[in-house]
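Structure record follows, encoded as structure tokens.
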Amino acid sequence: MIERIRNAFENYQQEMLDDLAALVAIDSSGAGPVKEGMPFGEGPAKALDCFLKIAERMGLETDNVDNYAGVVSYGDGEETVGVLAHLDVVPAGKGWTTDPFKMVIKDGKMYGRGVIDDKGSAVAALYGLRIIRDLGIPLKRGLRLVVGTNEELGSACMEYYVAHREPPTLGFTPDASYPLIHGEKGSFWAKLFFDKEDLPILKMEAGEVFNAVPAECTVLLDGSVDIDALKASADKGFSEGYPVTIEKTADGNISMLVKGKAAHGSMPYLGVNAIVSAAMILCDALGEKAGKLLHFAKDVIGRDPNGKTAGVYFKDDNGELTLNLGLLRFENGEGWLGTDIRFPVTGTGAYATGLYQAMADKYGIRAEIPTPSEPHFVPEDSELVTTLLKVYREVTGEQDAKSVTIGGGTYARHVGKKFVAFGPEFNDTDYHMHNADEFYPLDEYMKHCVICTMGMLELAK
Ligand SMILES: [Zn+2]
């Protein structure tokens with residue numbers, strides 16, 4: 001069967017690449033104004049229309065869900081198998097060496113916005129549906145290819161779809177990576193507010209988002225601070241080799257810039273947090289006068305990426321809680337810290353936020369904790385995971401391939417409990433997703449087409 005599907009894709013290759021190029025040519029970044037009947041603007045609606053027309057040309061049944069999402073169907077059954085892909089993209093941005101909206105193939109690689117995220121996967125699944133129909137294999141479950149148009153800006157497309165149509169029973173989203181992701185941690189972004197204190201620190205600022213390790217912290221101190229003592233503290237290695245710049249300002253104050261290393265908030269252990277570096281330097285130089293916020297950043301959060309010293313840590317067989325200190329704002333004696341917490345897939349939001357609240361209570365800090373995003377988890381021994389993993393192993397020959405859990409969230413969590421992420425990225429290649437020169441090697445794309453189609457077929461037959 002793998003060979004038959006591979007041959008079918010080879011026969012369709014040129015037609016499939018032409019269809020993908022037509023979709024790439026539409027800027028569906030959702031940056032345009034919202035119009036009547038186009039909830040995410042013109043681009044996403046145009047891409048959806050183009051996609052459904054391709055499906056109709058193939059003689060497949062289509063359903064446009066009010067320009068939020070589209071469904072292409074083949075086969076019926078009490079249960080259905082869903083493949084979830086999306087047709088919106090992130091804005092092209094700068095730095096491309098090719099036209100982002102003109103797909104080209106260079107050195108065996110397809111270049112263009114959306115070739116891997118996620119237009120390539122949408123087209124692959126569409127051709128897979130066509131090939132399964134043409135093979136005429138009887139199916140127990142119907143197949144539903146669901147394409148959204150707002151994944152990059154919050155997945156409101158899937159919320160609308162689930163509210164207006166019967167979602168598939170189980171399935172996968174080819175919008176992450178292989179071999180398979182069967183669990184996504186729960187998460188929440190909480191703020192910690194510190195009472196006003198009289199400190200020689202006029203202003204501090206670091207970070208732009210909760211979910212990144214800040215690579216810069218700026219501090220403004222008043223002129224009463226001993227600049228030589230501050231420089232001596234900065235020389236003690238607290239910043240782990242990243243530069244610290246201390247200068248007198250024109251109006252007699254002191255500015256300090258502490259650098260660190262950025263990383264994604266789900267993997268804080270890959271970065272060097274500039275807030276923590278700055279806190280260590282200032283606490284060393286100023287002692288008690290550094291204030292409660294900085295002592296908290298240094299002693300309670302510190303360099304521990306798992307919240308152990310803060311007392312919010314727990315783990316399960318799939319992984320550990322992570323805590324990232326992403327934001328710091330301080331002015332006029334008061335300020336707050338912003339943290340990103342990702343908790344294990346078998347944990348609950350109530351438990352994780354309870355630990356967080358207890359930490360805030362223990363240190364007498366006011367915490368602002370939003371409703372957490374619960375983990376998404378499909379057991380490894382479920383039909384869904386075992387079937388797809390078997391397909392992956394058979395097509396690639398990687399017999400020891402295993403499924404994993406991750407700290408980030410995928411499209412899978414938006415449709416139902418029985419969904420996992422499956423492809424399309426192979427190995428650790430940087431495909432420049434969301435960046436300039438997004439690419440997908442053609443041979444990997446063809447392999448992905450076969451895996452995706454086999455996955456659909458094995459779950460449906
Ligand atoms: Zn995507």
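Chain labels run A, B, ... following the order of the structure tokens; each chain numbers its residues from 1, and ligands are numbered from 1 in the order shown.
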
Exercise for the section: Fewer than 2 positions away in the same chain doesn't count, so skip those; otherwise give me all residues within 9 Å of stretch 321-334 of chain A, counting only C-alpha atoms, as JSON, numbers by chain. Expected result: {"A": [185, 191, 193, 194, 195, 196, 197, 198, 199, 200, 201, 202, 203, 204, 205, 206, 207, 208, 209, 210, 211, 212, 213, 214, 217, 264, 265, 266, 267, 268, 269, 273, 275, 276, 293, 297, 301, 304, 305, 306, 307, 312, 313, 314, 315, 316, 319, 336, 337, 338, 339, 340, 341, 342, 343, 344, 407]}

Problem - Within-10 Å residues of ligand 1, basis only C-alpha atoms and all ligand atoms, as an MDAnalysis selection string - result: chainID A and resid 85:90 114 116:119 121 150:152 173:176 410:411 424 433:434

Export, as a PDB file, in the first residue's frame, the selected residues with N, CA and C atoms.
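To be explicit, this is the file written out as selection-v6.pdb:
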```pdb
ATOM      1  N   ALA A  85      -5.494  21.275   9.266  1.00  0.00           N
ATOM      2  CA  ALA A  85      -4.390  22.093   8.754  1.00  0.00           C
ATOM      3  C   ALA A  85      -4.881  23.538   8.693  1.00  0.00           C
ATOM      4  N   HIS A  86      -3.968  24.471   8.418  1.00  0.00           N
ATOM      5  CA  HIS A  86      -4.431  25.855   8.330  1.00  0.00           C
ATOM      6  C   HIS A  86      -3.872  26.564   7.109  1.00  0.00           C
ATOM      7  N   LEU A  87      -4.649  27.510   6.598  1.00  0.00           N
ATOM      8  CA  LEU A  87      -4.313  28.210   5.355  1.00  0.00           C
ATOM      9  C   LEU A  87      -3.836  29.639   5.587  1.00  0.00           C
ATOM     10  N   ASP A  88      -3.925  30.121   6.825  1.00  0.00           N
ATOM     11  CA  ASP A  88      -3.362  31.445   7.107  1.00  0.00           C
ATOM     12  C   ASP A  88      -1.860  31.288   7.345  1.00  0.00           C
ATOM     13  N   VAL A  89      -1.144  32.375   7.205  1.00  0.00           N
ATOM     14  CA  VAL A  89       0.308  32.370   7.408  1.00  0.00           C
ATOM     15  C   VAL A  89       0.686  33.567   8.276  1.00  0.00           C
ATOM     16  N   VAL A  90       1.924  33.563   8.746  1.00  0.00           N
ATOM     17  CA  VAL A  90       2.426  34.774   9.419  1.00  0.00           C
ATOM     18  C   VAL A  90       2.879  35.749   8.323  1.00  0.00           C
ATOM     19  N   GLY A 114       4.542  29.730   3.810  1.00  0.00           N
ATOM     20  CA  GLY A 114       3.496  28.718   3.981  1.00  0.00           C
ATOM     21  C   GLY A 114       3.831  27.349   3.419  1.00  0.00           C
ATOM     22  N   ILE A 116       5.788  25.116   4.427  1.00  0.00           N
ATOM     23  CA  ILE A 116       5.766  24.088   5.481  1.00  0.00           C
ATOM     24  C   ILE A 116       4.749  24.430   6.559  1.00  0.00           C
ATOM     25  N   ASP A 117       4.435  25.711   6.732  1.00  0.00           N
ATOM     26  CA  ASP A 117       3.502  26.118   7.796  1.00  0.00           C
ATOM     27  C   ASP A 117       2.375  26.963   7.219  1.00  0.00           C
ATOM     28  N   ASP A 118       1.270  26.407   6.784  1.00  0.00           N
ATOM     29  CA  ASP A 118       0.937  24.999   6.843  1.00  0.00           C
ATOM     30  C   ASP A 118       0.233  24.614   5.545  1.00  0.00           C
ATOM     31  N   LYS A 119       0.440  25.484   4.510  1.00  0.00           N
ATOM     32  CA  LYS A 119      -0.243  25.253   3.229  1.00  0.00           C
ATOM     33  C   LYS A 119       0.213  23.947   2.586  1.00  0.00           C
ATOM     34  N   SER A 121       1.051  21.213   4.050  1.00  0.00           N
ATOM     35  CA  SER A 121       0.353  20.095   4.701  1.00  0.00           C
ATOM     36  C   SER A 121      -1.109  20.025   4.285  1.00  0.00           C
ATOM     37  N   ASN A 150      -7.133  30.954  10.834  1.00  0.00           N
ATOM     38  CA  ASN A 150      -6.743  31.900  11.885  1.00  0.00           C
ATOM     39  C   ASN A 150      -5.826  31.254  12.920  1.00  0.00           C
ATOM     40  N   GLU A 151      -5.060  30.229  12.499  1.00  0.00           N
ATOM     41  CA  GLU A 151      -4.225  29.523  13.478  1.00  0.00           C
ATOM     42  C   GLU A 151      -3.166  30.444  14.058  1.00  0.00           C
ATOM     43  N   GLU A 152      -2.550  31.241  13.204  1.00  0.00           N
ATOM     44  CA  GLU A 152      -1.417  32.061  13.652  1.00  0.00           C
ATOM     45  C   GLU A 152      -1.845  33.191  14.580  1.00  0.00           C
ATOM     46  N   THR A 173      -3.090  16.679  13.499  1.00  0.00           N
ATOM     47  CA  THR A 173      -2.771  17.909  12.792  1.00  0.00           C
ATOM     48  C   THR A 173      -1.330  17.858  12.300  1.00  0.00           C
ATOM     49  N   PRO A 174      -1.120  17.957  10.987  1.00  0.00           N
ATOM     50  CA  PRO A 174       0.246  18.036  10.464  1.00  0.00           C
ATOM     51  C   PRO A 174       0.719  19.482  10.503  1.00  0.00           C
ATOM     52  N   ASP A 175       0.912  20.023  11.716  1.00  0.00           N
ATOM     53  CA  ASP A 175       1.293  21.427  11.878  1.00  0.00           C
ATOM     54  C   ASP A 175       2.330  21.566  12.983  1.00  0.00           C
ATOM     55  N   ALA A 176       3.139  20.517  13.149  1.00  0.00           N
ATOM     56  CA  ALA A 176       4.187  20.567  14.171  1.00  0.00           C
ATOM     57  C   ALA A 176       5.341  19.703  13.666  1.00  0.00           C
ATOM     58  N   THR A 410      -0.219  23.091  20.157  1.00  0.00           N
ATOM     59  CA  THR A 410      -0.438  22.955  18.717  1.00  0.00           C
ATOM     60  C   THR A 410      -1.930  23.075  18.412  1.00  0.00           C
ATOM     61  N   TYR A 411      -2.232  23.011  17.130  1.00  0.00           N
ATOM     62  CA  TYR A 411      -3.612  23.075  16.647  1.00  0.00           C
ATOM     63  C   TYR A 411      -4.456  21.923  17.216  1.00  0.00           C
ATOM     64  N   PRO A 424       4.595  18.306  10.058  1.00  0.00           N
ATOM     65  CA  PRO A 424       5.348  17.806   8.899  1.00  0.00           C
ATOM     66  C   PRO A 424       6.868  17.966   9.016  1.00  0.00           C
ATOM     67  N   MET A 433      10.626  28.514   9.579  1.00  0.00           N
ATOM     68  CA  MET A 433       9.202  28.769   9.829  1.00  0.00           C
ATOM     69  C   MET A 433       9.031  30.136  10.474  1.00  0.00           C
ATOM     70  N   HIS A 434       8.068  30.908  10.006  1.00  0.00           N
ATOM     71  CA  HIS A 434       7.774  32.248  10.526  1.00  0.00           C
ATOM     72  C   HIS A 434       8.889  33.247  10.212  1.00  0.00           C
TER      73      HIS A 434
END
```

Problem - Residue list (strand (DSSP E), DSSP) for stretch 85-144 of chain A, as a ChimeraX atom specification - result: /A:85-86,104-106,109-111,142-144

Save out the residues we just selected, N, CA and C atoms, as a PDB file, in the first residue's frame.
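Output (selection.pdb):
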```pdb
ATOM      1  N   ALA A  85      -5.494  21.275   9.266  1.00  0.00           N
ATOM      2  CA  ALA A  85      -4.390  22.093   8.754  1.00  0.00           C
ATOM      3  C   ALA A  85      -4.881  23.538   8.693  1.00  0.00           C
ATOM      4  N   HIS A  86      -3.968  24.471   8.418  1.00  0.00           N
ATOM      5  CA  HIS A  86      -4.431  25.855   8.330  1.00  0.00           C
ATOM      6  C   HIS A  86      -3.872  26.564   7.109  1.00  0.00           C
ATOM      7  N   VAL A 104       9.143  28.945  -5.357  1.00  0.00           N
ATOM      8  CA  VAL A 104      10.177  28.479  -6.295  1.00  0.00           C
ATOM      9  C   VAL A 104      10.831  27.221  -5.725  1.00  0.00           C
ATOM     10  N   ILE A 105      11.379  26.409  -6.608  1.00  0.00           N
ATOM     11  CA  ILE A 105      12.123  25.227  -6.164  1.00  0.00           C
ATOM     12  C   ILE A 105      13.574  25.424  -6.568  1.00  0.00           C
ATOM     13  N   LYS A 106      14.410  25.465  -5.536  1.00  0.00           N
ATOM     14  CA  LYS A 106      15.841  25.728  -5.736  1.00  0.00           C
ATOM     15  C   LYS A 106      16.628  24.661  -4.983  1.00  0.00           C
ATOM     16  N   LYS A 109      14.676  22.353  -2.891  1.00  0.00           N
ATOM     17  CA  LYS A 109      13.852  22.868  -1.793  1.00  0.00           C
ATOM     18  C   LYS A 109      12.786  23.815  -2.324  1.00  0.00           C
ATOM     19  N   MET A 110      11.578  23.682  -1.808  1.00  0.00           N
ATOM     20  CA  MET A 110      10.507  24.630  -2.122  1.00  0.00           C
ATOM     21  C   MET A 110      10.675  25.827  -1.185  1.00  0.00           C
ATOM     22  N   TYR A 111      10.635  27.036  -1.748  1.00  0.00           N
ATOM     23  CA  TYR A 111      10.699  28.261  -0.947  1.00  0.00           C
ATOM     24  C   TYR A 111       9.400  29.030  -1.109  1.00  0.00           C
ATOM     25  N   GLY A 142     -15.474   7.884   8.113  1.00  0.00           N
ATOM     26  CA  GLY A 142     -15.359   8.913   7.082  1.00  0.00           C
ATOM     27  C   GLY A 142     -14.121   9.761   7.316  1.00  0.00           C
ATOM     28  N   LEU A 143     -13.675  10.426   6.266  1.00  0.00           N
ATOM     29  CA  LEU A 143     -12.495  11.294   6.385  1.00  0.00           C
ATOM     30  C   LEU A 143     -12.909  12.751   6.238  1.00  0.00           C
ATOM     31  N   ARG A 144     -12.383  13.593   7.121  1.00  0.00           N
ATOM     32  CA  ARG A 144     -12.690  15.031   7.081  1.00  0.00           C
ATOM     33  C   ARG A 144     -11.397  15.828   7.149  1.00  0.00           C
TER      34      ARG A 144
END
```

Problem - Spatial neighbours of stretch 387-404 of chain A, max dist 9 Å, only C-alpha atoms, sep filter under 4 positions, as a PyMOL selection string - result: chain A and resi 2+178-183+318+380+382-383+422+447+450-452+454-456+458-459

Practice task
For A:Pro91, list every protein, DNA or RNA residue within 10 Å, evaluated using only C-alpha atoms, and leave out those in the same chain fewer than 5 positions away; present the list as number ranges by chain.
Solution key: A: 27-31, 100, 113-114, 152, 434-436

Practice task
Have a look at A:Glu288, A:Glu36, A:Glu438, A:Asp19 and name the one nearest to A:Arg57; count only C-alpha atoms.
Solution key: A:Asp19

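The environment of A:Thr429 within 12 Å, counting only C-alpha atoms and disregarding residues fewer than 6 places along the same chain, consists of Ser177, Tyr178, Glu438, Phe439, Tyr440, Pro441 and Glu444 of chain A.
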
Can you tell me, as a compact mmCIF listing (two decimals) with N, CA and C atoms, in the first residue's frame, what residues are no more than 12 Å from A:Glu10 when counting only C-alpha atoms, ignoring any on the same chain fewer than 4 positions away?
```txt
# COMPACT_ATOMS: atom_id res chain seq x y z
N GLU A 3 3.73 1.68 -1.34
CA GLU A 3 4.24 1.88 -2.70
C GLU A 3 3.17 2.47 -3.62
N ARG A 4 1.94 1.96 -3.50
CA ARG A 4 0.85 2.47 -4.36
C ARG A 4 0.61 3.95 -4.10
N ILE A 5 0.63 4.31 -2.81
CA ILE A 5 0.40 5.72 -2.46
C ILE A 5 1.57 6.59 -2.94
N ARG A 6 2.77 6.07 -2.77
CA ARG A 6 3.94 6.83 -3.22
C ARG A 6 3.88 7.06 -4.74
N GLN A 14 3.44 17.27 -10.17
CA GLN A 14 3.44 18.60 -10.79
C GLN A 14 2.14 19.34 -10.52
N GLU A 15 1.03 18.63 -10.65
CA GLU A 15 -0.28 19.24 -10.40
C GLU A 15 -0.37 19.73 -8.95
N MET A 16 0.15 18.92 -8.05
CA MET A 16 0.10 19.26 -6.62
C MET A 16 0.96 20.50 -6.33
N LEU A 17 2.14 20.57 -6.93
CA LEU A 17 3.01 21.73 -6.71
C LEU A 17 2.40 22.99 -7.31
N TYR A 127 -4.61 15.94 -1.44
CA TYR A 127 -4.26 14.91 -2.42
C TYR A 127 -4.36 13.52 -1.82
N ILE A 131 -6.46 10.48 -3.35
CA ILE A 131 -5.83 9.18 -3.67
C ILE A 131 -6.57 8.04 -2.96
N LEU A 442 11.86 19.14 -1.13
CA LEU A 442 10.84 18.43 -1.90
C LEU A 442 10.80 16.93 -1.55
N ASP A 443 11.95 16.33 -1.33
CA ASP A 443 11.93 14.89 -1.00
C ASP A 443 11.26 14.64 0.35
N TYR A 445 8.93 16.59 1.60
CA TYR A 445 7.51 16.85 1.36
C TYR A 445 6.82 15.61 0.79
N MET A 446 7.47 14.96 -0.16
CA MET A 446 6.86 13.78 -0.76
C MET A 446 6.75 12.65 0.28
N LYS A 447 7.74 12.56 1.15
CA LYS A 447 7.69 11.55 2.23
C LYS A 447 6.54 11.88 3.19
N CYS A 449 3.83 13.46 2.45
CA CYS A 449 2.57 13.16 1.77
C CYS A 449 2.17 11.70 1.98
N VAL A 450 3.16 10.81 1.87
CA VAL A 450 2.88 9.38 2.01
C VAL A 450 2.52 9.05 3.47
```

Handout entry: Those in stretch 8-104 of chain A with alpha helix (DSSP H) from DSSP, as a ChimeraX atom specification
Key = /A:8-24,42-57
